[in-house]
$ cat entry_14.tsv   # TSV, N, CA and C atoms
chain	number	residue	atom	x	y	z
A	907	SER	N	-4.92	45.48	-1.84
A	907	SER	CA	-5.64	44.61	-2.74
A	907	SER	C	-6.68	43.78	-1.99
A	908	PHE	N	-6.31	43.33	-0.77
A	908	PHE	CA	-7.24	42.52	0.01
A	908	PHE	C	-8.50	43.32	0.32
A	909	HIS	N	-8.31	44.57	0.78
A	909	HIS	CA	-9.48	45.38	1.17
A	909	HIS	C	-10.36	45.70	-0.03
A	910	LEU	N	-9.76	45.94	-1.19
A	910	LEU	CA	-10.55	46.21	-2.40
A	910	LEU	C	-11.38	44.98	-2.77
A	911	LEU	N	-10.74	43.80	-2.77
A	911	LEU	CA	-11.45	42.57	-3.11
A	911	LEU	C	-12.54	42.27	-2.08
A	912	HIS	N	-12.25	42.50	-0.79
A	912	HIS	CA	-13.24	42.27	0.27
A	912	HIS	C	-14.45	43.17	0.07
A	913	GLY	N	-14.20	44.42	-0.29
A	913	GLY	CA	-15.30	45.35	-0.54
A	913	GLY	C	-16.16	44.92	-1.71
A	914	LYS	N	-15.53	44.43	-2.76
A	914	LYS	CA	-16.30	43.94	-3.92
A	914	LYS	C	-17.09	42.69	-3.57
A	915	GLN	N	-16.47	41.80	-2.82
A	915	GLN	CA	-17.09	40.51	-2.50
A	915	GLN	C	-18.23	40.65	-1.49
A	916	TYR	N	-18.00	41.45	-0.42
A	916	TYR	CA	-18.96	41.49	0.69
A	916	TYR	C	-19.67	42.83	0.85
A	917	GLY	N	-19.31	43.82	0.04
A	917	GLY	CA	-20.02	45.11	0.10
A	917	GLY	C	-19.52	46.05	1.18
A	918	HIS	N	-18.49	45.69	1.92
A	918	HIS	CA	-17.91	46.58	2.92
A	918	HIS	C	-16.44	46.21	3.12
A	919	SER	N	-15.69	47.19	3.65
A	919	SER	CA	-14.28	46.95	3.89
A	919	SER	C	-13.75	48.02	4.82
A	920	ASP	N	-12.79	47.70	5.65
A	920	ASP	CA	-12.12	48.66	6.53
A	920	ASP	C	-10.65	48.70	6.11
A	921	GLY	N	-10.31	49.66	5.29
A	921	GLY	CA	-8.97	49.77	4.74
A	921	GLY	C	-7.88	50.00	5.76
A	922	LYS	N	-8.27	50.42	6.99
A	922	LYS	CA	-7.27	50.66	8.04
A	922	LYS	C	-7.04	49.43	8.93
A	923	ALA	N	-7.87	48.42	8.77
A	923	ALA	CA	-7.75	47.21	9.60
A	923	ALA	C	-6.55	46.37	9.14
A	924	SER	N	-5.89	45.75	10.10
A	924	SER	CA	-4.79	44.85	9.75
A	924	SER	C	-5.36	43.55	9.18
A	925	ILE	N	-4.56	42.89	8.41
A	925	ILE	CA	-4.98	41.64	7.78
A	925	ILE	C	-4.34	40.48	8.53
A	926	GLU	N	-5.17	39.51	8.92
A	926	GLU	CA	-4.67	38.33	9.62
A	926	GLU	C	-5.03	37.09	8.79
A	927	LEU	N	-4.01	36.33	8.45
A	927	LEU	CA	-4.21	35.11	7.69
A	927	LEU	C	-4.52	33.99	8.67
A	928	MET	N	-5.70	33.37	8.55
A	928	MET	CA	-6.13	32.34	9.50
A	928	MET	C	-5.85	30.93	8.96
A	929	TYR	N	-6.18	30.67	7.73
A	929	TYR	CA	-5.99	29.36	7.12
A	929	TYR	C	-5.43	29.55	5.73
A	930	MET	N	-4.59	28.61	5.34
A	930	MET	CA	-4.04	28.66	4.00
A	930	MET	C	-3.89	27.22	3.50
A	931	ARG	N	-4.28	27.01	2.29
A	931	ARG	CA	-4.10	25.70	1.65
A	931	ARG	C	-3.08	25.85	0.54
A	932	VAL	N	-2.27	24.83	0.41
A	932	VAL	CA	-1.25	24.83	-0.63
A	932	VAL	C	-1.38	23.54	-1.42
A	933	ARG	N	-1.29	23.64	-2.72
A	933	ARG	CA	-1.30	22.47	-3.59
A	933	ARG	C	-0.02	22.51	-4.41
A	934	ILE	N	0.72	21.43	-4.32
A	934	ILE	CA	1.99	21.35	-5.03
A	934	ILE	C	1.91	20.23	-6.05
A	935	ILE	N	2.33	20.52	-7.25
A	935	ILE	CA	2.40	19.52	-8.31
A	935	ILE	C	3.84	19.46	-8.78
A	936	GLY	N	4.37	18.26	-8.84
A	936	GLY	CA	5.75	18.13	-9.27
A	936	GLY	C	6.04	16.74	-9.77
A	937	LYS	N	7.22	16.55	-10.26
A	937	LYS	CA	7.64	15.25	-10.75
A	937	LYS	C	8.51	14.59	-9.69
A	938	THR	N	8.29	13.31	-9.47
A	938	THR	CA	9.09	12.56	-8.52
A	938	THR	C	9.93	11.54	-9.28
A	939	PRO	N	11.09	11.21	-8.76
A	939	PRO	CA	11.93	10.24	-9.46
A	939	PRO	C	11.30	8.85	-9.43
A	940	LYS	N	11.53	8.10	-10.47
A	940	LYS	CA	11.02	6.72	-10.55
A	940	LYS	C	11.78	5.85	-9.57
A	941	PRO	N	11.11	4.86	-8.96
A	941	PRO	CA	11.81	3.95	-8.05
A	941	PRO	C	12.79	3.09	-8.82
A	942	PRO	N	13.85	2.65	-8.15
A	942	PRO	CA	14.83	1.82	-8.85
A	942	PRO	C	14.25	0.46	-9.21
A	943	GLY	N	14.84	-0.16	-10.19
A	943	GLY	CA	14.40	-1.51	-10.59
A	943	GLY	C	13.78	-1.48	-11.95
A	944	GLY	N	13.78	-2.63	-12.56
A	944	GLY	CA	13.22	-2.76	-13.91
A	944	GLY	C	11.78	-3.21	-13.85
A	945	LYS	N	11.23	-3.47	-15.03
A	945	LYS	CA	9.84	-3.88	-15.11
A	945	LYS	C	9.65	-5.34	-14.75
A	946	GLY	N	10.65	-6.16	-14.99
A	946	GLY	CA	10.48	-7.59	-14.79
A	946	GLY	C	10.96	-8.06	-13.43
A	947	CYS	N	10.59	-9.26	-13.07
A	947	CYS	CA	11.04	-9.91	-11.85
A	947	CYS	C	12.04	-10.99	-12.22
A	948	GLN	N	12.85	-11.35	-11.29
A	948	GLN	CA	13.71	-12.51	-11.51
A	948	GLN	C	12.82	-13.74	-11.53
A	949	SER	N	12.91	-14.52	-12.58
A	949	SER	CA	12.01	-15.66	-12.70
A	949	SER	C	12.67	-16.97	-12.32
A	950	ASN	N	13.99	-16.96	-12.09
A	950	ASN	CA	14.68	-18.20	-11.79
A	950	ASN	C	14.83	-18.45	-10.29
A	951	LEU	N	14.18	-17.65	-9.46
A	951	LEU	CA	14.26	-17.86	-8.02
A	951	LEU	C	13.36	-19.03	-7.61
A	952	PRO	N	13.78	-19.79	-6.62
A	952	PRO	CA	12.92	-20.87	-6.13
A	952	PRO	C	11.73	-20.29	-5.36
A	953	GLU	N	10.74	-21.14	-5.15
A	953	GLU	CA	9.60	-20.73	-4.34
A	953	GLU	C	10.11	-20.32	-2.96
A	954	ALA	N	9.50	-19.32	-2.37
A	954	ALA	CA	9.92	-18.82	-1.06
A	954	ALA	C	9.82	-19.93	-0.01
A	955	GLU	N	10.72	-19.91	0.94
A	955	GLU	CA	10.75	-20.92	2.01
A	955	GLU	C	9.99	-20.41	3.23
A	956	PRO	N	9.02	-21.16	3.74
A	956	PRO	CA	8.30	-20.73	4.94
A	956	PRO	C	9.18	-20.86	6.18
A	957	VAL	N	8.87	-20.04	7.20
A	957	VAL	CA	9.59	-20.11	8.47
A	957	VAL	C	8.89	-21.05	9.44
A	958	SER	N	7.60	-21.31	9.19
A	958	SER	CA	6.85	-22.23	10.05
A	958	SER	C	5.54	-22.60	9.37
A	959	GLN	N	4.74	-23.39	10.07
A	959	GLN	CA	3.40	-23.78	9.62
A	959	GLN	C	2.42	-23.41	10.74
A	960	ARG	N	1.18	-23.11	10.35
A	960	ARG	CA	0.17	-22.75	11.35
A	960	ARG	C	-1.18	-23.26	10.89
A	961	LYS	N	-1.96	-23.77	11.81
A	961	LYS	CA	-3.31	-24.23	11.50
A	961	LYS	C	-4.23	-23.01	11.48
A	962	ILE	N	-5.04	-22.90	10.42
A	962	ILE	CA	-6.03	-21.83	10.33
A	962	ILE	C	-7.39	-22.44	10.05
A	963	ILE	N	-8.43	-21.76	10.49
A	963	ILE	CA	-9.80	-22.22	10.28
A	963	ILE	C	-10.52	-21.13	9.49
A	964	MET	N	-11.08	-21.52	8.34
A	964	MET	CA	-11.82	-20.59	7.49
A	964	MET	C	-13.06	-21.27	6.96
A	965	LYS	N	-14.18	-20.60	7.09
A	965	LYS	CA	-15.46	-21.10	6.55
A	965	LYS	C	-15.70	-22.56	6.93
A	966	GLY	N	-15.40	-22.90	8.17
A	966	GLY	CA	-15.66	-24.24	8.67
A	966	GLY	C	-14.61	-25.27	8.29
A	967	GLY	N	-13.63	-24.90	7.49
A	967	GLY	CA	-12.57	-25.83	7.09
A	967	GLY	C	-11.29	-25.54	7.84
A	968	THR	N	-10.48	-26.56	8.05
A	968	THR	CA	-9.19	-26.40	8.71
A	968	THR	C	-8.09	-26.60	7.67
A	969	TYR	N	-7.13	-25.68	7.67
A	969	TYR	CA	-6.04	-25.71	6.71
A	969	TYR	C	-4.71	-25.59	7.43
A	970	GLN	N	-3.68	-26.15	6.83
A	970	GLN	CA	-2.31	-25.96	7.31
A	970	GLN	C	-1.70	-24.87	6.43
A	971	ALA	N	-1.39	-23.72	7.02
A	971	ALA	CA	-0.87	-22.59	6.26
A	971	ALA	C	0.63	-22.43	6.50
A	972	SER	N	1.36	-22.17	5.43
A	972	SER	CA	2.78	-21.85	5.55
A	972	SER	C	2.91	-20.40	5.99
A	973	VAL	N	3.88	-20.11	6.86
A	973	VAL	CA	4.09	-18.76	7.38
A	973	VAL	C	5.41	-18.23	6.81
A	974	TYR	N	5.36	-17.00	6.27
A	974	TYR	CA	6.53	-16.35	5.68
A	974	TYR	C	6.78	-15.02	6.36
A	975	ARG	N	8.04	-14.62	6.41
A	975	ARG	CA	8.41	-13.29	6.89
A	975	ARG	C	8.55	-12.38	5.67
A	976	ARG	N	7.83	-11.29	5.64
A	976	ARG	CA	7.84	-10.39	4.47
A	976	ARG	C	9.24	-9.89	4.12
A	977	PRO	N	10.08	-9.52	5.11
A	977	PRO	CA	11.41	-9.04	4.74
A	977	PRO	C	12.28	-10.10	4.05
A	978	ASP	N	11.94	-11.38	4.21
A	978	ASP	CA	12.73	-12.45	3.59
A	978	ASP	C	12.38	-12.67	2.12
A	979	LEU	N	11.26	-12.12	1.66
A	979	LEU	CA	10.80	-12.37	0.29
A	979	LEU	C	11.62	-11.55	-0.70
A	980	ARG	N	11.97	-12.16	-1.82
A	980	ARG	CA	12.75	-11.51	-2.88
A	980	ARG	C	11.90	-11.39	-4.14
A	981	SER	N	12.28	-10.47	-4.99
A	981	SER	CA	11.57	-10.22	-6.24
A	981	SER	C	11.45	-11.50	-7.04
A	982	GLY	N	10.24	-11.83	-7.45
A	982	GLY	CA	9.99	-12.99	-8.29
A	982	GLY	C	9.63	-14.25	-7.53
A	983	GLN	N	9.73	-14.25	-6.21
A	983	GLN	CA	9.39	-15.45	-5.47
A	983	GLN	C	7.88	-15.61	-5.37
A	984	ARG	N	7.44	-16.85	-5.44
A	984	ARG	CA	6.01	-17.17	-5.41
A	984	ARG	C	5.67	-17.86	-4.09
A	985	ILE	N	4.46	-17.55	-3.60
A	985	ILE	CA	3.92	-18.17	-2.39
A	985	ILE	C	2.56	-18.74	-2.75
A	986	ASN	N	2.34	-20.00	-2.49
A	986	ASN	CA	1.05	-20.62	-2.76
A	986	ASN	C	0.23	-20.69	-1.47
A	987	GLY	N	-1.06	-20.35	-1.60
A	987	GLY	CA	-1.95	-20.40	-0.45
A	987	GLY	C	-2.43	-21.80	-0.17
A	988	PRO	N	-2.87	-22.07	1.04
A	988	PRO	CA	-3.04	-21.09	2.11
A	988	PRO	C	-1.69	-20.72	2.72
A	989	ALA	N	-1.52	-19.42	2.95
A	989	ALA	CA	-0.27	-18.93	3.50
A	989	ALA	C	-0.52	-17.66	4.30
A	990	ILE	N	0.41	-17.38	5.20
A	990	ILE	CA	0.37	-16.17	6.02
A	990	ILE	C	1.70	-15.46	5.81
A	991	VAL	N	1.64	-14.17	5.47
A	991	VAL	CA	2.84	-13.36	5.31
A	991	VAL	C	2.84	-12.33	6.43
A	992	GLU	N	3.84	-12.41	7.30
A	992	GLU	CA	3.91	-11.52	8.46
A	992	GLU	C	4.95	-10.43	8.24
A	993	GLN	N	4.60	-9.22	8.64
A	993	GLN	CA	5.55	-8.11	8.66
A	993	GLN	C	5.22	-7.25	9.86
A	994	ASP	N	6.06	-6.26	10.16
A	994	ASP	CA	5.91	-5.48	11.39
A	994	ASP	C	4.56	-4.80	11.53
A	995	ASP	N	4.00	-4.30	10.42
A	995	ASP	CA	2.79	-3.49	10.53
A	995	ASP	C	1.51	-4.15	10.02
A	996	THR	N	1.62	-5.37	9.48
A	996	THR	CA	0.42	-6.04	8.99
A	996	THR	C	0.67	-7.52	8.79
A	997	THR	N	-0.41	-8.24	8.60
A	997	THR	CA	-0.35	-9.66	8.26
A	997	THR	C	-1.23	-9.87	7.04
A	998	THR	N	-0.71	-10.60	6.06
A	998	THR	CA	-1.46	-10.87	4.83
A	998	THR	C	-1.80	-12.35	4.77
A	999	LEU	N	-3.06	-12.64	4.51
A	999	LEU	CA	-3.52	-14.02	4.36
A	999	LEU	C	-3.71	-14.30	2.87
A	1000	ILE	N	-3.07	-15.35	2.39
A	1000	ILE	CA	-3.27	-15.80	1.02
A	1000	ILE	C	-4.14	-17.06	1.10
A	1001	LEU	N	-5.30	-16.98	0.52
A	1001	LEU	CA	-6.30	-18.05	0.62
A	1001	LEU	C	-5.90	-19.28	-0.19
A	1002	PRO	N	-6.52	-20.42	0.12
A	1002	PRO	CA	-6.32	-21.60	-0.72
A	1002	PRO	C	-6.73	-21.28	-2.17
A	1003	ASN	N	-6.05	-21.85	-3.13
A	1003	ASN	CA	-6.29	-21.62	-4.55
A	1003	ASN	C	-5.92	-20.21	-5.00
A	1004	TRP	N	-5.13	-19.52	-4.21
A	1004	TRP	CA	-4.58	-18.22	-4.57
A	1004	TRP	C	-3.06	-18.31	-4.42
A	1005	SER	N	-2.35	-17.39	-5.06
A	1005	SER	CA	-0.91	-17.34	-4.91
A	1005	SER	C	-0.45	-15.90	-4.88
A	1006	GLY	N	0.68	-15.67	-4.26
A	1006	GLY	CA	1.27	-14.34	-4.21
A	1006	GLY	C	2.64	-14.36	-4.86
A	1007	LYS	N	3.00	-13.25	-5.48
A	1007	LYS	CA	4.32	-13.12	-6.10
A	1007	LYS	C	4.82	-11.71	-5.84
A	1008	THR	N	6.08	-11.61	-5.44
A	1008	THR	CA	6.66	-10.30	-5.18
A	1008	THR	C	7.18	-9.71	-6.50
A	1009	ASP	N	6.93	-8.42	-6.69
A	1009	ASP	CA	7.44	-7.76	-7.90
A	1009	ASP	C	8.74	-7.02	-7.60
A	1010	HIS	N	9.27	-6.32	-8.59
A	1010	HIS	CA	10.57	-5.65	-8.45
A	1010	HIS	C	10.55	-4.54	-7.41
A	1011	ALA	N	9.37	-3.99	-7.10
A	1011	ALA	CA	9.27	-2.90	-6.13
A	1011	ALA	C	8.94	-3.41	-4.72
A	1012	GLY	N	8.84	-4.74	-4.56
A	1012	GLY	CA	8.55	-5.30	-3.25
A	1012	GLY	C	7.07	-5.50	-2.97
A	1013	ASN	N	6.20	-5.19	-3.94
A	1013	ASN	CA	4.77	-5.40	-3.76
A	1013	ASN	C	4.45	-6.88	-3.81
A	1014	LEU	N	3.46	-7.28	-3.05
A	1014	LEU	CA	3.00	-8.66	-3.06
A	1014	LEU	C	1.72	-8.70	-3.89
A	1015	ILE	N	1.81	-9.29	-5.07
A	1015	ILE	CA	0.68	-9.37	-6.00
A	1015	ILE	C	-0.01	-10.71	-5.76
A	1016	ILE	N	-1.29	-10.65	-5.38
A	1016	ILE	CA	-2.04	-11.88	-5.06
A	1016	ILE	C	-3.06	-12.12	-6.16
A	1017	GLU	N	-3.03	-13.35	-6.70
A	1017	GLU	CA	-3.94	-13.70	-7.80
A	1017	GLU	C	-4.56	-15.07	-7.56
A	1018	ARG	N	-5.78	-15.23	-8.07
A	1018	ARG	CA	-6.46	-16.52	-7.99
A	1018	ARG	C	-5.84	-17.46	-9.00
A	1019	LYS	N	-5.58	-18.69	-8.58
A	1019	LYS	CA	-5.04	-19.68	-9.50
A	1019	LYS	C	-6.14	-20.12	-10.45
A	1020	GLU	N	-5.76	-20.39	-11.68
A	1020	GLU	CA	-6.74	-20.86	-12.66
A	1020	GLU	C	-7.11	-22.30	-12.33
A	1021	SER	N	-8.40	-22.59	-12.42
A	1021	SER	CA	-8.85	-23.95	-12.08
A	1021	SER	C	-9.03	-24.80	-13.30
$ encode --input "entry_14.tsv" --output "structure tokens"
Amino acid sequence: SFHLLHGKQYGHSDGKASIELMYMRVRIIGKTPKPPGGKGCQSNLPEAEPVSQRKIIMKGGTYQASVYRRPDLRSGQRINGPAIVEQDDTTTLILPNWSGKTDHAGNLIIERKES
């Protein structure tokens, strides 16, 4: 079948030649299980407790930022900026007048506070 198709496509073919596969792409489509947890967050949790404070300088202003450890955050906890959230592979800065809230899947949702 390969040699017939090659002959049609390119106008020549060697039916006695061996076929060598050089590159192959595969596309898989499937269903994955939903992550555990519900749609809502626990809303009765207190605001997250910082592990320390740190001075930061932004746009010529100096701020005292609360520092949080990402693994310590629980679903529904809120963090008010300015704040720093530290984890092994990244650091997240929450600006003044912004806040972060952890959802049921552990995501940190950052939103601007209404003025």
$ select_by_dssp --input "entry_14.tsv" --residues "chain A" --states "strand (DSSP E or B)" --output "ChimeraX atom specification"
/A:958-964,967-975,984-986,989-993,996-1000,1004-1008,1014-1018
$ residues_around --input "entry_14.tsv" --residues "stretch 984-986 of chain A" --least-positions-apart "3" --cutoff "6.5 Å" --atoms "only N, CA and C atoms" --output "PyMOL selection string"
chain A and resi 952-954+989+1000-1001+1004-1008
$ atom_distance --input "entry_14.tsv" --atom1 "atom N of A:Ser972" --atom2 "atom N of A:Val957"
8.0 Å
$ atom_distance --input "entry_14.tsv" --atom1 "atom CA of A:Asp920" --atom2 "atom CA of A:Val932"
27.2 Å
$ closest_residue --input "entry_14.tsv" --among "A:His909, A:Thr996, A:Ile935, A:Lys940" --to "A:Gly921" --atoms "only N, CA and C atoms"
A:His909
$ atom_distance --input "entry_14.tsv" --atom1 "atom N of A:Arg975" --atom2 "atom CA of A:Leu999"
11.8 Å
$ residues_near_point --input "entry_14.tsv" --point "(8.1, -7.6, -7.3)" --cutoff "8 Å" --atoms "only C-alpha atoms" --output "PyMOL selection string"
chain A and resi 946-947+980-982+1007-1015
$ select_by_dssp --input "entry_14.tsv" --residues "chain A" --states "helix (DSSP H, G or I)" --output "NGL selection string"
:A and (908-916 or 976-978)
$ closest_residue --input "entry_14.tsv" --among "A:Ser907, A:Asn1003, A:Gln959, A:Ser919" --to "A:Ile990" --atoms "only C-alpha atoms"
A:Gln959
$ build_atoms --input "entry_14.tsv" --residues "stretch 1003-1014 of chain A" --atoms "all heavy atoms" --output "PDB file, in the frame of the given file"
ATOM      1  N   ASN A1003      -6.050 -21.850  -3.130  1.00  0.00           N
ATOM      2  CA  ASN A1003      -6.290 -21.620  -4.550  1.00  0.00           C
ATOM      3  C   ASN A1003      -5.920 -20.210  -5.000  1.00  0.00           C
ATOM      4  O   ASN A1003      -6.375 -19.744  -6.043  1.00  0.00           O
ATOM      5  CB  ASN A1003      -7.732 -21.954  -4.953  1.00  0.00           C
ATOM      6  CG  ASN A1003      -8.056 -23.398  -4.694  1.00  0.00           C
ATOM      7  OD1 ASN A1003      -7.254 -24.284  -4.992  1.00  0.00           O
ATOM      8  ND2 ASN A1003      -9.203 -23.649  -4.111  1.00  0.00           N
ATOM      9  N   TRP A1004      -5.130 -19.520  -4.210  1.00  0.00           N
ATOM     10  CA  TRP A1004      -4.580 -18.220  -4.570  1.00  0.00           C
ATOM     11  C   TRP A1004      -3.060 -18.310  -4.420  1.00  0.00           C
ATOM     12  O   TRP A1004      -2.551 -19.178  -3.728  1.00  0.00           O
ATOM     13  CB  TRP A1004      -5.128 -17.122  -3.659  1.00  0.00           C
ATOM     14  CG  TRP A1004      -6.568 -16.793  -3.913  1.00  0.00           C
ATOM     15  CD1 TRP A1004      -7.645 -17.570  -3.620  1.00  0.00           C
ATOM     16  CD2 TRP A1004      -7.087 -15.607  -4.506  1.00  0.00           C
ATOM     17  NE1 TRP A1004      -8.814 -16.946  -3.990  1.00  0.00           N
ATOM     18  CE2 TRP A1004      -8.486 -15.724  -4.533  1.00  0.00           C
ATOM     19  CE3 TRP A1004      -6.506 -14.448  -5.006  1.00  0.00           C
ATOM     20  CZ2 TRP A1004      -9.309 -14.741  -5.048  1.00  0.00           C
ATOM     21  CZ3 TRP A1004      -7.327 -13.458  -5.506  1.00  0.00           C
ATOM     22  CH2 TRP A1004      -8.718 -13.609  -5.538  1.00  0.00           C
ATOM     23  N   SER A1005      -2.350 -17.390  -5.060  1.00  0.00           N
ATOM     24  CA  SER A1005      -0.910 -17.340  -4.910  1.00  0.00           C
ATOM     25  C   SER A1005      -0.450 -15.900  -4.880  1.00  0.00           C
ATOM     26  O   SER A1005      -1.133 -15.005  -5.396  1.00  0.00           O
ATOM     27  CB  SER A1005      -0.198 -18.092  -6.040  1.00  0.00           C
ATOM     28  OG  SER A1005      -0.368 -17.424  -7.259  1.00  0.00           O
ATOM     29  N   GLY A1006       0.680 -15.670  -4.260  1.00  0.00           N
ATOM     30  CA  GLY A1006       1.270 -14.340  -4.210  1.00  0.00           C
ATOM     31  C   GLY A1006       2.640 -14.360  -4.860  1.00  0.00           C
ATOM     32  O   GLY A1006       3.339 -15.370  -4.814  1.00  0.00           O
ATOM     33  N   LYS A1007       3.000 -13.250  -5.480  1.00  0.00           N
ATOM     34  CA  LYS A1007       4.320 -13.120  -6.100  1.00  0.00           C
ATOM     35  C   LYS A1007       4.820 -11.710  -5.840  1.00  0.00           C
ATOM     36  O   LYS A1007       4.084 -10.743  -5.998  1.00  0.00           O
ATOM     37  CB  LYS A1007       4.240 -13.390  -7.596  1.00  0.00           C
ATOM     38  CG  LYS A1007       5.587 -13.374  -8.276  1.00  0.00           C
ATOM     39  CD  LYS A1007       5.455 -13.755  -9.742  1.00  0.00           C
ATOM     40  CE  LYS A1007       6.822 -13.795 -10.396  1.00  0.00           C
ATOM     41  NZ  LYS A1007       6.735 -14.133 -11.814  1.00  0.00           N
ATOM     42  N   THR A1008       6.080 -11.610  -5.440  1.00  0.00           N
ATOM     43  CA  THR A1008       6.660 -10.300  -5.180  1.00  0.00           C
ATOM     44  C   THR A1008       7.180  -9.710  -6.500  1.00  0.00           C
ATOM     45  O   THR A1008       7.765 -10.413  -7.312  1.00  0.00           O
ATOM     46  CB  THR A1008       7.810 -10.391  -4.164  1.00  0.00           C
ATOM     47  OG1 THR A1008       8.731 -11.387  -4.595  1.00  0.00           O
ATOM     48  CG2 THR A1008       7.290 -10.759  -2.791  1.00  0.00           C
ATOM     49  N   ASP A1009       6.930  -8.420  -6.690  1.00  0.00           N
ATOM     50  CA  ASP A1009       7.440  -7.760  -7.900  1.00  0.00           C
ATOM     51  C   ASP A1009       8.740  -7.020  -7.600  1.00  0.00           C
ATOM     52  O   ASP A1009       9.235  -7.055  -6.473  1.00  0.00           O
ATOM     53  CB  ASP A1009       6.375  -6.855  -8.528  1.00  0.00           C
ATOM     54  CG  ASP A1009       6.052  -5.613  -7.697  1.00  0.00           C
ATOM     55  OD1 ASP A1009       6.738  -5.350  -6.687  1.00  0.00           O
ATOM     56  OD2 ASP A1009       5.104  -4.890  -8.063  1.00  0.00           O
ATOM     57  N   HIS A1010       9.270  -6.320  -8.590  1.00  0.00           N
ATOM     58  CA  HIS A1010      10.570  -5.650  -8.450  1.00  0.00           C
ATOM     59  C   HIS A1010      10.550  -4.540  -7.410  1.00  0.00           C
ATOM     60  O   HIS A1010      11.580  -4.178  -6.870  1.00  0.00           O
ATOM     61  CB  HIS A1010      11.018  -5.085  -9.804  1.00  0.00           C
ATOM     62  CG  HIS A1010      10.209  -3.906 -10.247  1.00  0.00           C
ATOM     63  ND1 HIS A1010       8.956  -4.041 -10.805  1.00  0.00           N
ATOM     64  CD2 HIS A1010      10.458  -2.584 -10.182  1.00  0.00           C
ATOM     65  CE1 HIS A1010       8.483  -2.838 -11.077  1.00  0.00           C
ATOM     66  NE2 HIS A1010       9.368  -1.948 -10.716  1.00  0.00           N
ATOM     67  N   ALA A1011       9.370  -3.990  -7.100  1.00  0.00           N
ATOM     68  CA  ALA A1011       9.270  -2.900  -6.130  1.00  0.00           C
ATOM     69  C   ALA A1011       8.940  -3.410  -4.720  1.00  0.00           C
ATOM     70  O   ALA A1011       8.760  -2.631  -3.809  1.00  0.00           O
ATOM     71  CB  ALA A1011       8.204  -1.898  -6.576  1.00  0.00           C
ATOM     72  N   GLY A1012       8.840  -4.740  -4.560  1.00  0.00           N
ATOM     73  CA  GLY A1012       8.550  -5.300  -3.250  1.00  0.00           C
ATOM     74  C   GLY A1012       7.070  -5.500  -2.970  1.00  0.00           C
ATOM     75  O   GLY A1012       6.693  -5.903  -1.874  1.00  0.00           O
ATOM     76  N   ASN A1013       6.200  -5.190  -3.940  1.00  0.00           N
ATOM     77  CA  ASN A1013       4.770  -5.400  -3.760  1.00  0.00           C
ATOM     78  C   ASN A1013       4.450  -6.880  -3.810  1.00  0.00           C
ATOM     79  O   ASN A1013       5.089  -7.641  -4.524  1.00  0.00           O
ATOM     80  CB  ASN A1013       3.988  -4.688  -4.878  1.00  0.00           C
ATOM     81  CG  ASN A1013       4.212  -3.202  -4.865  1.00  0.00           C
ATOM     82  OD1 ASN A1013       3.991  -2.543  -3.873  1.00  0.00           O
ATOM     83  ND2 ASN A1013       4.680  -2.694  -5.982  1.00  0.00           N
ATOM     84  N   LEU A1014       3.460  -7.280  -3.050  1.00  0.00           N
ATOM     85  CA  LEU A1014       3.000  -8.660  -3.060  1.00  0.00           C
ATOM     86  C   LEU A1014       1.720  -8.700  -3.890  1.00  0.00           C
ATOM     87  O   LEU A1014       0.679  -8.193  -3.484  1.00  0.00           O
ATOM     88  CB  LEU A1014       2.750  -9.149  -1.631  1.00  0.00           C
ATOM     89  CG  LEU A1014       2.305 -10.591  -1.457  1.00  0.00           C
ATOM     90  CD1 LEU A1014       3.335 -11.549  -2.049  1.00  0.00           C
ATOM     91  CD2 LEU A1014       2.095 -10.890   0.010  1.00  0.00           C
TER      92      LEU A1014
END
